[in-house]
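Colleague: This is the content of start38.txt (compact mmCIF, C-alpha atoms and all ligand atoms):
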# COMPACT_ATOMS: atom_id res chain seq x y z
CA MET A 108 -160.76 44.49 -132.19
CA ASN A 109 -159.64 42.21 -129.36
CA PHE A 110 -161.70 39.34 -128.01
CA GLN A 111 -161.20 36.52 -125.55
CA ILE A 112 -162.64 33.23 -126.89
CA ALA A 113 -162.99 30.05 -124.84
CA LEU A 114 -162.56 26.93 -126.95
CA ILE A 115 -163.96 23.61 -125.78
CA PRO A 116 -162.74 20.90 -128.18
CA GLY A 117 -164.51 18.14 -126.19
CA ASP A 118 -164.56 14.50 -127.28
CA GLY A 119 -164.69 12.34 -130.41
CA ILE A 120 -164.43 14.50 -133.54
CA GLY A 121 -164.62 17.64 -131.35
CA PRO A 122 -160.88 18.46 -131.35
CA GLU A 123 -160.63 17.99 -135.15
CA ILE A 124 -163.58 20.22 -136.02
CA VAL A 125 -162.74 22.92 -133.47
CA ALA A 126 -159.20 23.09 -134.89
CA GLU A 127 -160.68 23.91 -138.32
CA ALA A 128 -163.05 26.52 -136.87
CA ARG A 129 -160.07 28.13 -135.12
CA LYS A 130 -158.16 28.21 -138.41
CA VAL A 131 -161.10 30.01 -140.01
CA LEU A 132 -161.33 32.54 -137.15
CA ASP A 133 -157.59 33.15 -137.51
CA ALA A 134 -158.09 33.82 -141.23
CA ILE A 135 -160.77 36.38 -140.32
CA CYS A 136 -158.38 38.00 -137.80
CA LYS A 137 -155.67 38.16 -140.45
CA LYS A 138 -158.00 39.74 -142.99
CA TYR A 139 -159.56 42.33 -140.66
CA GLY A 140 -156.73 42.95 -138.19
CA HIS A 141 -158.59 41.59 -135.14
CA GLU A 142 -156.91 39.74 -132.31
CA PHE A 143 -158.60 36.74 -130.69
CA LYS A 144 -157.00 35.26 -127.58
CA TYR A 145 -158.01 31.62 -127.11
CA LYS A 146 -158.25 29.64 -123.91
CA GLU A 147 -158.80 25.89 -124.27
CA LEU A 148 -161.12 24.38 -121.66
CA LEU A 149 -162.00 20.82 -120.71
CA LEU A 150 -165.57 19.53 -120.69
CA GLY A 151 -167.26 16.14 -120.91
CA GLY A 152 -165.16 13.00 -121.32
CA ALA A 153 -161.95 15.02 -121.76
CA SER A 154 -162.54 16.56 -118.33
CA ILE A 155 -163.41 13.18 -116.76
CA ASP A 156 -160.08 11.78 -118.00
CA VAL A 157 -158.13 14.57 -116.27
CA HIS A 158 -160.27 15.59 -113.26
CA GLY A 159 -162.68 12.67 -112.77
CA ILE A 160 -165.69 14.97 -113.31
CA PRO A 161 -167.24 16.29 -116.54
CA LEU A 162 -167.30 19.97 -115.54
CA THR A 163 -164.98 21.84 -113.17
CA ASP A 164 -165.41 25.24 -111.53
CA GLU A 165 -162.34 26.35 -113.47
CA THR A 166 -164.06 25.66 -116.81
CA ILE A 167 -167.13 27.63 -115.67
CA GLU A 168 -165.05 30.57 -114.42
CA GLU A 169 -162.86 30.74 -117.53
CA ALA A 170 -165.94 30.49 -119.79
CA LYS A 171 -167.56 33.36 -117.88
CA LYS A 172 -164.44 35.49 -118.32
CA SER A 173 -164.54 35.13 -122.10
CA ASP A 174 -166.59 37.03 -124.70
CA ALA A 175 -167.95 33.77 -126.13
CA VAL A 176 -167.43 30.01 -126.07
CA LEU A 177 -166.94 27.87 -129.17
CA MET A 178 -167.42 24.16 -128.58
CA GLY A 179 -167.01 20.96 -130.56
CA SER A 180 -169.11 18.22 -129.03
CA ILE A 181 -168.90 15.96 -126.04
CA GLY A 182 -169.64 12.32 -125.29
CA GLY A 183 -168.46 8.90 -126.40
CA ASP A 184 -169.86 5.58 -127.50
CA ALA A 185 -172.20 4.60 -124.66
CA ALA A 186 -171.66 0.87 -125.32
CA THR A 187 -167.87 0.90 -125.10
CA SER A 188 -166.67 4.06 -123.35
CA PRO A 189 -165.71 3.79 -119.63
CA TRP A 190 -167.34 7.23 -119.11
CA TYR A 191 -170.75 5.51 -119.24
CA LYS A 192 -169.91 3.17 -116.36
CA LEU A 193 -170.04 6.25 -114.09
CA GLU A 194 -173.27 7.34 -112.42
CA PRO A 195 -175.40 9.64 -114.67
CA SER A 196 -174.40 12.87 -112.87
CA LYS A 197 -170.71 12.16 -113.62
CA ARG A 198 -171.10 11.30 -117.32
CA PRO A 199 -170.03 13.64 -120.17
CA GLU A 200 -173.58 14.91 -120.92
CA ALA A 201 -173.97 16.12 -117.32
CA GLY A 202 -171.09 18.52 -118.03
CA LEU A 203 -172.95 20.02 -120.97
CA LEU A 204 -176.20 20.51 -119.05
CA GLY A 205 -174.15 21.90 -116.15
CA ILE A 206 -172.33 24.53 -118.21
CA ARG A 207 -175.55 25.65 -119.95
CA LYS A 208 -177.14 26.15 -116.54
CA ALA A 209 -174.08 27.85 -115.01
CA LEU A 210 -173.93 30.33 -117.90
CA ASN A 211 -177.71 30.97 -117.77
CA LEU A 212 -178.14 30.15 -121.46
CA PHE A 213 -181.89 30.49 -121.91
CA ALA A 214 -182.16 31.01 -125.67
CA ASN A 215 -181.25 28.36 -128.20
CA LEU A 216 -180.79 29.38 -131.82
CA ARG A 217 -180.71 26.89 -134.65
CA PRO A 218 -180.57 27.99 -138.25
CA ALA A 219 -182.02 25.85 -141.02
CA TYR A 220 -180.54 26.99 -144.31
CA LEU A 221 -180.69 25.12 -147.57
CA TYR A 222 -177.57 25.45 -149.70
CA ASN A 223 -178.36 25.35 -153.39
CA GLU A 224 -175.39 23.02 -153.82
CA LEU A 225 -176.86 20.52 -151.32
CA LYS A 226 -180.44 20.57 -152.63
CA ASP A 227 -180.24 16.85 -153.41
CA ALA A 228 -180.00 16.08 -149.67
CA CYS A 229 -183.28 17.93 -148.97
CA PRO A 230 -186.17 15.47 -148.65
CA LEU A 231 -188.70 18.04 -149.94
CA ARG A 232 -189.90 18.23 -153.55
CA ASP A 233 -188.39 20.85 -155.89
CA GLU A 234 -191.62 22.87 -156.16
CA ILE A 235 -191.76 23.13 -152.34
CA ILE A 236 -188.09 24.08 -152.03
CA GLY A 237 -188.58 26.87 -154.58
CA ASP A 238 -185.78 29.41 -154.09
CA GLY A 239 -184.63 27.60 -150.93
CA PHE A 240 -185.14 28.59 -147.32
CA ASP A 241 -183.19 30.36 -144.61
CA MET A 242 -184.80 30.38 -141.17
CA MET A 243 -183.71 30.64 -137.57
CA ILE A 244 -185.50 28.76 -134.81
CA MET A 245 -185.29 30.46 -131.45
CA ARG A 246 -186.26 28.06 -128.66
CA GLU A 247 -186.68 28.94 -124.99
CA LEU A 248 -184.33 26.59 -123.19
CA THR A 249 -184.74 26.84 -119.43
CA GLY A 250 -188.51 26.98 -118.72
CA GLY A 251 -191.78 25.35 -119.72
CA LEU A 252 -192.79 21.71 -119.50
CA TYR A 253 -189.25 20.31 -119.16
CA PHE A 254 -188.58 22.34 -116.01
CA GLY A 255 -192.05 22.41 -114.40
CA GLU A 256 -193.16 20.40 -111.38
CA ARG A 257 -193.83 16.77 -112.15
CA LYS A 258 -194.99 13.71 -110.27
CA THR A 259 -196.49 10.28 -110.70
CA VAL A 260 -199.18 9.23 -108.25
CA GLU A 261 -201.64 6.40 -107.81
CA GLU A 262 -205.29 7.25 -107.27
CA ASN A 263 -207.77 4.46 -106.52
CA GLY A 264 -205.38 1.91 -108.01
CA VAL A 265 -204.88 3.97 -111.22
CA ARG A 266 -201.42 5.39 -111.97
CA LYS A 267 -201.40 9.02 -112.99
CA ALA A 268 -198.51 11.25 -114.17
CA ILE A 269 -198.54 15.05 -114.02
CA ASP A 270 -196.22 17.52 -115.78
CA THR A 271 -196.68 21.27 -115.47
CA LEU A 272 -195.99 23.90 -118.10
CA THR A 273 -195.16 27.23 -116.49
CA TYR A 274 -193.88 30.51 -117.92
CA ASP A 275 -193.75 33.89 -116.26
CA GLU A 276 -193.80 37.11 -118.24
CA ASN A 277 -190.12 37.87 -117.56
CA GLU A 278 -189.02 34.56 -119.09
CA ILE A 279 -191.14 35.28 -122.17
CA ARG A 280 -190.06 38.91 -122.48
CA ARG A 281 -186.32 38.23 -122.39
CA ILE A 282 -186.43 35.63 -125.17
CA ALA A 283 -188.89 37.65 -127.26
CA LYS A 284 -186.47 40.61 -127.15
CA ARG A 285 -183.66 38.33 -128.28
CA ALA A 286 -185.79 37.09 -131.19
CA PHE A 287 -186.67 40.61 -132.35
CA ASP A 288 -183.01 41.70 -132.07
CA ILE A 289 -181.97 38.76 -134.21
CA ALA A 290 -184.73 39.42 -136.77
CA ARG A 291 -183.22 42.90 -137.16
CA LYS A 292 -179.95 41.27 -138.22
CA ARG A 293 -181.87 39.18 -140.77
CA ARG A 294 -185.09 39.84 -142.72
CA ASN A 295 -187.15 41.61 -140.03
CA LYS A 296 -189.85 39.00 -139.47
CA VAL A 297 -190.76 37.02 -136.33
CA THR A 298 -193.24 34.14 -136.34
CA SER A 299 -194.20 33.43 -132.74
CA VAL A 300 -195.44 29.87 -132.36
CA ASP A 301 -197.81 28.82 -129.58
CA LYS A 302 -200.99 26.89 -128.80
CA ALA A 303 -203.01 29.92 -127.68
CA ASN A 304 -206.33 28.30 -128.65
CA VAL A 305 -205.83 25.81 -125.77
CA LEU A 306 -203.07 26.74 -123.31
CA ASP A 307 -203.00 29.60 -120.79
CA SER A 308 -199.20 29.68 -120.95
CA SER A 309 -199.50 30.27 -124.71
CA ARG A 310 -202.05 33.05 -124.25
CA LEU A 311 -199.63 34.83 -121.89
CA TRP A 312 -196.80 34.12 -124.37
CA ARG A 313 -198.77 35.79 -127.16
CA LYS A 314 -199.64 38.86 -125.03
CA VAL A 315 -196.07 39.43 -123.87
CA VAL A 316 -194.63 38.95 -127.37
CA GLU A 317 -197.08 41.59 -128.61
CA GLU A 318 -195.98 43.97 -125.87
CA VAL A 319 -192.33 43.49 -126.86
CA ALA A 320 -193.18 43.98 -130.54
CA VAL A 321 -194.26 47.57 -129.81
CA ASP A 322 -190.57 48.47 -129.39
CA TYR A 323 -189.73 46.92 -132.77
CA PRO A 324 -192.06 48.63 -135.28
CA ASP A 325 -189.65 47.74 -138.10
CA VAL A 326 -190.06 43.99 -137.44
CA GLU A 327 -193.15 42.18 -138.73
CA LEU A 328 -194.79 39.89 -136.15
CA GLU A 329 -197.12 37.01 -136.92
CA HIS A 330 -198.54 34.34 -134.63
CA MET A 331 -198.91 30.72 -135.69
CA LEU A 332 -200.33 27.70 -133.89
CA VAL A 333 -197.76 24.98 -133.37
CA ASP A 334 -199.66 22.30 -135.29
CA ASN A 335 -199.95 24.61 -138.29
CA CYS A 336 -196.25 25.51 -138.00
CA ALA A 337 -195.26 21.82 -138.12
CA MET A 338 -197.18 21.57 -141.41
CA GLN A 339 -195.93 24.85 -142.86
CA LEU A 340 -192.29 23.80 -142.29
CA VAL A 341 -192.68 21.04 -144.87
CA LYS A 342 -195.25 22.85 -147.04
CA ASN A 343 -193.70 26.28 -147.45
CA PRO A 344 -190.45 26.62 -145.46
CA GLY A 345 -189.45 29.72 -147.45
CA GLN A 346 -192.05 31.84 -145.58
CA PHE A 347 -190.08 31.83 -142.29
CA ASP A 348 -187.36 34.15 -141.03
CA VAL A 349 -187.16 33.91 -137.20
CA ILE A 350 -189.43 31.36 -135.47
CA LEU A 351 -189.82 32.14 -131.76
CA THR A 352 -191.21 29.45 -129.52
CA GLU A 353 -191.24 27.84 -126.08
CA ASN A 354 -189.12 24.92 -124.95
CA MET A 355 -191.02 21.79 -125.98
CA PHE A 356 -192.47 23.17 -129.22
CA GLY A 357 -188.95 24.39 -130.09
CA ASP A 358 -187.41 21.01 -129.32
CA ILE A 359 -189.67 19.36 -131.88
CA LEU A 360 -189.80 22.11 -134.51
CA SER A 361 -186.03 22.71 -134.53
CA ASP A 362 -185.37 19.04 -135.26
CA GLU A 363 -187.99 19.07 -138.00
CA ALA A 364 -186.56 22.25 -139.55
CA SER A 365 -182.98 21.05 -139.45
CA MET A 366 -183.83 17.68 -140.94
CA VAL A 367 -185.46 19.27 -143.97
CA THR A 368 -182.00 20.60 -144.84
CA GLY A 369 -180.86 16.96 -144.94
CA SER A 370 -177.23 17.43 -143.83
CA ILE A 371 -176.32 16.94 -140.15
CA GLY A 372 -172.68 17.99 -140.67
CA MET A 373 -173.81 21.48 -141.76
CA LEU A 374 -176.02 22.50 -138.83
CA SER A 375 -174.75 25.13 -136.41
CA SER A 376 -176.31 26.34 -133.16
CA ALA A 377 -175.98 28.93 -130.44
CA SER A 378 -177.18 29.23 -126.86
CA LEU A 379 -177.39 32.78 -125.52
CA ASN A 380 -177.94 34.53 -122.21
CA GLU A 381 -179.23 38.03 -121.49
CA THR A 382 -175.96 39.71 -122.48
CA LYS A 383 -174.04 39.34 -125.74
CA PHE A 384 -172.42 36.19 -124.38
CA GLY A 385 -173.15 32.83 -126.02
CA LEU A 386 -172.01 29.24 -126.38
CA TYR A 387 -171.71 28.12 -130.00
CA GLU A 388 -171.61 24.49 -131.12
CA PRO A 389 -172.60 22.23 -134.00
CA SER A 390 -176.01 20.55 -133.68
CA HIS A 391 -174.49 17.12 -134.17
CA GLY A 392 -172.76 14.94 -131.56
CA SER A 393 -169.19 13.77 -131.15
CA ALA A 394 -169.44 11.04 -133.84
CA PRO A 395 -167.12 8.57 -132.06
CA ASP A 396 -167.49 6.20 -135.04
CA ILE A 397 -165.37 8.50 -137.24
CA ALA A 398 -163.20 10.25 -134.62
CA GLY A 399 -159.48 10.72 -135.30
CA GLN A 400 -159.72 9.90 -139.01
CA ASN A 401 -159.72 13.44 -140.44
CA ILE A 402 -162.96 12.72 -142.31
CA ALA A 403 -165.57 14.61 -140.21
CA ASN A 404 -167.34 17.59 -141.71
CA PRO A 405 -166.12 20.72 -139.87
CA ILE A 406 -168.65 23.08 -141.53
CA ALA A 407 -171.28 23.02 -138.74
CA THR A 408 -168.59 24.14 -136.27
CA ILE A 409 -167.19 26.71 -138.70
CA LEU A 410 -170.71 28.11 -139.19
CA SER A 411 -171.17 28.12 -135.39
CA GLY A 412 -168.06 30.30 -135.36
CA ALA A 413 -169.77 32.61 -137.87
CA MET A 414 -172.79 32.84 -135.54
CA MET A 415 -170.41 33.74 -132.72
CA LEU A 416 -168.91 36.55 -134.83
CA ARG A 417 -172.41 37.88 -135.59
CA TYR A 418 -174.27 37.50 -132.30
CA SER A 419 -171.62 37.79 -129.56
CA LEU A 420 -168.93 39.93 -131.20
CA ASP A 421 -171.14 42.05 -133.51
CA LEU A 422 -168.81 41.34 -136.44
CA ASP A 423 -171.54 40.93 -139.06
CA LYS A 424 -169.37 41.51 -142.12
CA GLU A 425 -166.85 38.95 -140.91
CA ALA A 426 -169.67 36.45 -140.30
CA ASP A 427 -170.95 37.07 -143.84
CA ASP A 428 -167.43 36.36 -145.12
CA VAL A 429 -167.32 32.96 -143.42
CA GLU A 430 -170.77 32.00 -144.71
CA LYS A 431 -169.92 33.11 -148.23
CA ALA A 432 -166.63 31.19 -148.12
CA VAL A 433 -168.47 28.00 -147.13
CA GLN A 434 -170.91 28.51 -150.00
CA ALA A 435 -168.06 29.17 -152.45
CA VAL A 436 -166.20 26.00 -151.41
CA LEU A 437 -169.34 23.92 -151.88
CA ALA A 438 -169.84 25.54 -155.28
CA ASP A 439 -166.31 24.34 -156.21
CA GLY A 440 -167.67 20.78 -155.88
CA VAL A 441 -165.59 19.59 -152.92
CA ARG A 442 -167.27 17.66 -150.12
CA THR A 443 -166.51 15.71 -146.95
CA GLY A 444 -167.83 12.14 -147.00
CA ASP A 445 -171.15 12.88 -145.24
CA ILE A 446 -172.32 15.33 -147.93
CA MET A 447 -170.59 13.66 -150.87
CA SER A 448 -172.54 13.43 -154.12
CA GLU A 449 -171.84 12.28 -157.64
CA GLY A 450 -169.39 14.38 -159.63
CA CYS A 451 -167.87 16.01 -156.50
CA THR A 452 -164.38 15.52 -155.05
CA LYS A 453 -164.02 14.06 -151.57
CA ILE A 454 -161.74 15.98 -149.21
CA SER A 455 -160.66 15.65 -145.57
CA THR A 456 -161.63 17.67 -142.49
CA SER A 457 -158.44 19.73 -142.60
CA GLU A 458 -158.60 20.30 -146.38
CA MET A 459 -162.13 21.65 -145.94
CA GLY A 460 -160.87 24.09 -143.31
CA ASP A 461 -157.93 25.12 -145.52
CA ARG A 462 -160.15 25.75 -148.53
CA ILE A 463 -162.59 27.89 -146.53
CA CYS A 464 -159.65 29.94 -145.19
CA ALA A 465 -158.28 30.37 -148.70
CA LYS A 466 -161.65 31.74 -149.91
CA ILE A 467 -161.76 34.20 -147.00
CA LEU A 468 -158.26 35.43 -147.74
CA GLY A 469 -158.84 35.47 -151.51
CA GLU A 470 -155.94 33.05 -152.11
P1 LIG B 1 -173.78 12.00 -133.67
O1 LIG B 1 -174.38 13.28 -134.15
O2 LIG B 1 -172.48 12.10 -132.98
O3 LIG B 1 -173.61 11.00 -134.91
C1 LIG B 1 -174.72 10.53 -135.70
C2 LIG B 1 -174.16 10.10 -137.08
O4 LIG B 1 -173.82 11.27 -137.84
C3 LIG B 1 -172.89 9.26 -136.99
O5 LIG B 1 -172.90 8.30 -138.02
C4 LIG B 1 -171.76 10.26 -137.24
O6 LIG B 1 -170.60 9.69 -137.81
C5 LIG B 1 -172.44 11.26 -138.18
N1 LIG B 1 -171.90 12.62 -137.99
C6 LIG B 1 -172.18 13.47 -136.97
N2 LIG B 1 -171.50 14.60 -137.11
C7 LIG B 1 -170.78 14.48 -138.25
C8 LIG B 1 -169.85 15.34 -138.92
N3 LIG B 1 -169.54 16.55 -138.48
N4 LIG B 1 -169.27 14.88 -140.07
C9 LIG B 1 -169.59 13.67 -140.57
N5 LIG B 1 -170.45 12.82 -139.97
C10 LIG B 1 -171.04 13.22 -138.82
O7 LIG B 1 -174.88 11.32 -132.71
P2 LIG B 1 -174.77 10.02 -131.82
O8 LIG B 1 -173.96 8.95 -132.51
O9 LIG B 1 -176.15 9.73 -131.40
O10 LIG B 1 -173.96 10.49 -130.52
C11 LIG B 1 -172.58 10.30 -130.32
C12 LIG B 1 -172.16 10.98 -129.03
O11 LIG B 1 -172.37 12.39 -129.14
C13 LIG B 1 -172.96 10.52 -127.80
O12 LIG B 1 -172.08 10.41 -126.72
C14 LIG B 1 -173.94 11.66 -127.56
O13 LIG B 1 -174.31 11.78 -126.22
C15 LIG B 1 -173.09 12.84 -128.00
N6 LIG B 1 -173.86 14.04 -128.37
C16 LIG B 1 -173.33 15.23 -127.98
C17 LIG B 1 -173.96 16.42 -128.34
C18 LIG B 1 -173.34 17.71 -127.91
O14 LIG B 1 -172.18 17.73 -127.55
N7 LIG B 1 -174.08 18.80 -127.95
C19 LIG B 1 -175.12 16.38 -129.11
C20 LIG B 1 -175.62 15.14 -129.54
C21 LIG B 1 -174.97 13.97 -129.16
Can you present the structure in this file as structure tokens?
Ligand code: NAD
Modeller:
Amino acid sequence: MNFQIALIPGDGIGPEIVAEARKVLDAICKKYGHEFKYKELLLGGASIDVHGIPLTDETIEEAKKSDAVLMGSIGGDAATSPWYKLEPSKRPEAGLLGIRKALNLFANLRPAYLYNELKDACPLRDEIIGDGFDMMIMRELTGGLYFGERKTVEENGVRKAIDTLTYDENEIRRIAKRAFDIARKRRNKVTSVDKANVLDSSRLWRKVVEEVAVDYPDVELEHMLVDNCAMQLVKNPGQFDVILTENMFGDILSDEASMVTGSIGMLSSASLNETKFGLYEPSHGSAPDIAGQNIANPIATILSGAMMLRYSLDLDKEADDVEKAVQAVLADGVRTGDIMSEGCTKISTSEMGDRICAKILGE
């Protein structure tokens, strides 16, 4: 099959890790006879250096023309980089927020998967880890408390701040559908997380999720209060498949879930809109402290590429191949510095990419 992929290498370690993800996608193309056409786009600091602004109309238009976008990360060291002498709306991060908005990416997906080989990095006890865990947090990204009306006023000499949490049924329905679709590609279970014992927005959330569930009789739905969910994530993480939740709860829970895996260089993510289109990127930043040294871990970006194959291109078998290759390389005992442990061999960014390709191609 033929696909058009936009690549955004970005800043810091971005170009190094995206190069490895591209190598891996090329290995998949070679194995399965697909053809991916790549278009490299500028965003963040890389765009400021060329155009003086972090996001151009050209980048938005080219991204829209593609089937999916694979990104490294953007941003520099705020203390030393000239990008941070610019006003906030012209800094690298403004480019990222701008492209998410322009592409209408309302659903954020972050997997938290514990590799057997990296169990030592997990802060949970062995009896809690059990057989490991493999969950997907789906967070609503463009509504709720972070986008509601807000103001700070003074009443009778007392300062008062007001934030509003608003969701309409359409915003809830579109992300709920996405969550059920994704559960169908996994283990057919959705845990919808809310605070329906207190909040009206959560009571509407629960109702609409139940309405959507009617069209997915093969997917099990459970509801969980957010405070209980925060506890369950560290008490019994193995119970979760897809966790569906609103913006602020998702912000907090996705960080909690990813940190229980213990390895920042392994965490992929995706942001999706109403179509198959998505922007895929590692959860970590541009790590300017190690940029250009060929020592960054490219696996989070490579796994983001696997998510792209699965969720935007519907190439599930190919995505499985990438994930299995990553697992097999870890089982061989090779590691980049960030996930290094005793008895393993340290390898570079590009060696990691090469070894994953070799597993895919059976070399
Ligand atoms: P960071 O994630 O870049 O780095 C935190 C620490 O983790 C550093 O020590 C870094 O070396 C290490 N690290 C991160 N990714 C790694 C990898 N793949 N392999 C090995 N080690 C890795 O976070 P930060 O230092 O707070 O931010 C640096 C820059 O990244 C800032 O400009 C920030 O705004 C930006 N940022 C961008 C994104 C994004 O593009 N989505 C996300 C977060 C931060």
Colleague: Ranking A:Leu216, A:Ala290, A:Met447, A:Leu386 by minimum distance to Ser180 (chain A) and counting all atoms listed in the file, which one comes first?
Modeller: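 That would be A:Leu386, the residue with the smallest distance to Ser180 (chain A).
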Colleague: Scan for residues within 12 Å of the point (-169.3, 30.1, -133.6) in the coordinates of the file, using only C-alpha atoms, and reply as a VMD selection string.
Modeller: chain A and resid 112 to 115 124 to 125 127 to 129 131 to 132 174 to 179 216 to 217 374 to 379 384 to 390 405 to 420 422 425 to 426 429 to 430
Colleague: Save the residues we just selected, C-alpha atoms, as a PDB file, in the frame of the given file?
Modeller:
ATOM      1  CA  ILE A 112    -162.640  33.230-126.890  1.00  0.00           C
ATOM      2  CA  ALA A 113    -162.990  30.050-124.840  1.00  0.00           C
ATOM      3  CA  LEU A 114    -162.560  26.930-126.950  1.00  0.00           C
ATOM      4  CA  ILE A 115    -163.960  23.610-125.780  1.00  0.00           C
ATOM      5  CA  ILE A 124    -163.580  20.220-136.020  1.00  0.00           C
ATOM      6  CA  VAL A 125    -162.740  22.920-133.470  1.00  0.00           C
ATOM      7  CA  GLU A 127    -160.680  23.910-138.320  1.00  0.00           C
ATOM      8  CA  ALA A 128    -163.050  26.520-136.870  1.00  0.00           C
ATOM      9  CA  ARG A 129    -160.070  28.130-135.120  1.00  0.00           C
ATOM     10  CA  VAL A 131    -161.100  30.010-140.010  1.00  0.00           C
ATOM     11  CA  LEU A 132    -161.330  32.540-137.150  1.00  0.00           C
ATOM     12  CA  ASP A 174    -166.590  37.030-124.700  1.00  0.00           C
ATOM     13  CA  ALA A 175    -167.950  33.770-126.130  1.00  0.00           C
ATOM     14  CA  VAL A 176    -167.430  30.010-126.070  1.00  0.00           C
ATOM     15  CA  LEU A 177    -166.940  27.870-129.170  1.00  0.00           C
ATOM     16  CA  MET A 178    -167.420  24.160-128.580  1.00  0.00           C
ATOM     17  CA  GLY A 179    -167.010  20.960-130.560  1.00  0.00           C
ATOM     18  CA  LEU A 216    -180.790  29.380-131.820  1.00  0.00           C
ATOM     19  CA  ARG A 217    -180.710  26.890-134.650  1.00  0.00           C
ATOM     20  CA  LEU A 374    -176.020  22.500-138.830  1.00  0.00           C
ATOM     21  CA  SER A 375    -174.750  25.130-136.410  1.00  0.00           C
ATOM     22  CA  SER A 376    -176.310  26.340-133.160  1.00  0.00           C
ATOM     23  CA  ALA A 377    -175.980  28.930-130.440  1.00  0.00           C
ATOM     24  CA  SER A 378    -177.180  29.230-126.860  1.00  0.00           C
ATOM     25  CA  LEU A 379    -177.390  32.780-125.520  1.00  0.00           C
ATOM     26  CA  PHE A 384    -172.420  36.190-124.380  1.00  0.00           C
ATOM     27  CA  GLY A 385    -173.150  32.830-126.020  1.00  0.00           C
ATOM     28  CA  LEU A 386    -172.010  29.240-126.380  1.00  0.00           C
ATOM     29  CA  TYR A 387    -171.710  28.120-130.000  1.00  0.00           C
ATOM     30  CA  GLU A 388    -171.610  24.490-131.120  1.00  0.00           C
ATOM     31  CA  PRO A 389    -172.600  22.230-134.000  1.00  0.00           C
ATOM     32  CA  SER A 390    -176.010  20.550-133.680  1.00  0.00           C
ATOM     33  CA  PRO A 405    -166.120  20.720-139.870  1.00  0.00           C
ATOM     34  CA  ILE A 406    -168.650  23.080-141.530  1.00  0.00           C
ATOM     35  CA  ALA A 407    -171.280  23.020-138.740  1.00  0.00           C
ATOM     36  CA  THR A 408    -168.590  24.140-136.270  1.00  0.00           C
ATOM     37  CA  ILE A 409    -167.190  26.710-138.700  1.00  0.00           C
ATOM     38  CA  LEU A 410    -170.710  28.110-139.190  1.00  0.00           C
ATOM     39  CA  SER A 411    -171.170  28.120-135.390  1.00  0.00           C
ATOM     40  CA  GLY A 412    -168.060  30.300-135.360  1.00  0.00           C
ATOM     41  CA  ALA A 413    -169.770  32.610-137.870  1.00  0.00           C
ATOM     42  CA  MET A 414    -172.790  32.840-135.540  1.00  0.00           C
ATOM     43  CA  MET A 415    -170.410  33.740-132.720  1.00  0.00           C
ATOM     44  CA  LEU A 416    -168.910  36.550-134.830  1.00  0.00           C
ATOM     45  CA  ARG A 417    -172.410  37.880-135.590  1.00  0.00           C
ATOM     46  CA  TYR A 418    -174.270  37.500-132.300  1.00  0.00           C
ATOM     47  CA  SER A 419    -171.620  37.790-129.560  1.00  0.00           C
ATOM     48  CA  LEU A 420    -168.930  39.930-131.200  1.00  0.00           C
ATOM     49  CA  LEU A 422    -168.810  41.340-136.440  1.00  0.00           C
ATOM     50  CA  GLU A 425    -166.850  38.950-140.910  1.00  0.00           C
ATOM     51  CA  ALA A 426    -169.670  36.450-140.300  1.00  0.00           C
ATOM     52  CA  VAL A 429    -167.320  32.960-143.420  1.00  0.00           C
ATOM     53  CA  GLU A 430    -170.770  32.000-144.710  1.00  0.00           C
TER      54      GLU A 430
END
Colleague: Write out as a Markdown table a residue-level contact list of chain A versus ligand LIG 1 (chain B) with cut-off 8 Å: for each qualifying residue the closest pair of atoms and the distance in Å to one decimal, counting all atoms listed in the file, rows sorted by chain and residue number upward.
Modeller:
| residue | atom | partner | partner_atom | distance |
| --- | --- | --- | --- | --- |
| A:Gly117 | CA | B:LIG1 | O14 | 7.8 |
| A:Gly119 | CA | B:LIG1 | C12 | 7.7 |
| A:Ile120 | CA | B:LIG1 | N3 | 7.4 |
| A:Ile124 | CA | B:LIG1 | N3 | 7.4 |
| A:Gly179 | CA | B:LIG1 | O14 | 6.8 |
| A:Ser180 | CA | B:LIG1 | O14 | 3.4 |
| A:Ile181 | CA | B:LIG1 | O14 | 4.0 |
| A:Gly182 | CA | B:LIG1 | O12 | 3.4 |
| A:Gly183 | CA | B:LIG1 | O12 | 3.9 |
| A:Asp184 | CA | B:LIG1 | O12 | 5.4 |
| A:Ala185 | CA | B:LIG1 | O12 | 6.2 |
| A:Pro199 | CA | B:LIG1 | O12 | 7.6 |
| A:Glu200 | CA | B:LIG1 | O13 | 6.2 |
| A:Leu203 | CA | B:LIG1 | O14 | 7.0 |
| A:Ile371 | CA | B:LIG1 | N2 | 6.2 |
| A:Gly372 | CA | B:LIG1 | N3 | 4.1 |
| A:Met373 | CA | B:LIG1 | N3 | 7.3 |
| A:Glu388 | CA | B:LIG1 | N7 | 7.0 |
| A:Pro389 | CA | B:LIG1 | N7 | 7.1 |
| A:Ser390 | CA | B:LIG1 | C19 | 6.3 |
| A:His391 | CA | B:LIG1 | O1 | 3.8 |
| A:Gly392 | CA | B:LIG1 | O2 | 3.2 |
| A:Ser393 | CA | B:LIG1 | O11 | 4.0 |
| A:Ala394 | CA | B:LIG1 | O2 | 3.3 |
| A:Pro395 | CA | B:LIG1 | C11 | 6.0 |
| A:Asp396 | CA | B:LIG1 | O6 | 5.4 |
| A:Ile397 | CA | B:LIG1 | O6 | 5.4 |
| A:Ile402 | CA | B:LIG1 | C9 | 6.9 |
| A:Ala403 | CA | B:LIG1 | N4 | 3.7 |
| A:Asn404 | CA | B:LIG1 | N4 | 3.7 |
| A:Pro405 | CA | B:LIG1 | N3 | 5.6 |
| A:Ile406 | CA | B:LIG1 | N3 | 7.3 |
| A:Ala407 | CA | B:LIG1 | N3 | 6.7 |
| A:Thr408 | CA | B:LIG1 | N3 | 8.0 |
| A:Thr443 | CA | B:LIG1 | C9 | 7.4 |
| A:Gly444 | CA | B:LIG1 | C9 | 6.8 |
| A:Asp445 | CA | B:LIG1 | C9 | 5.0 |
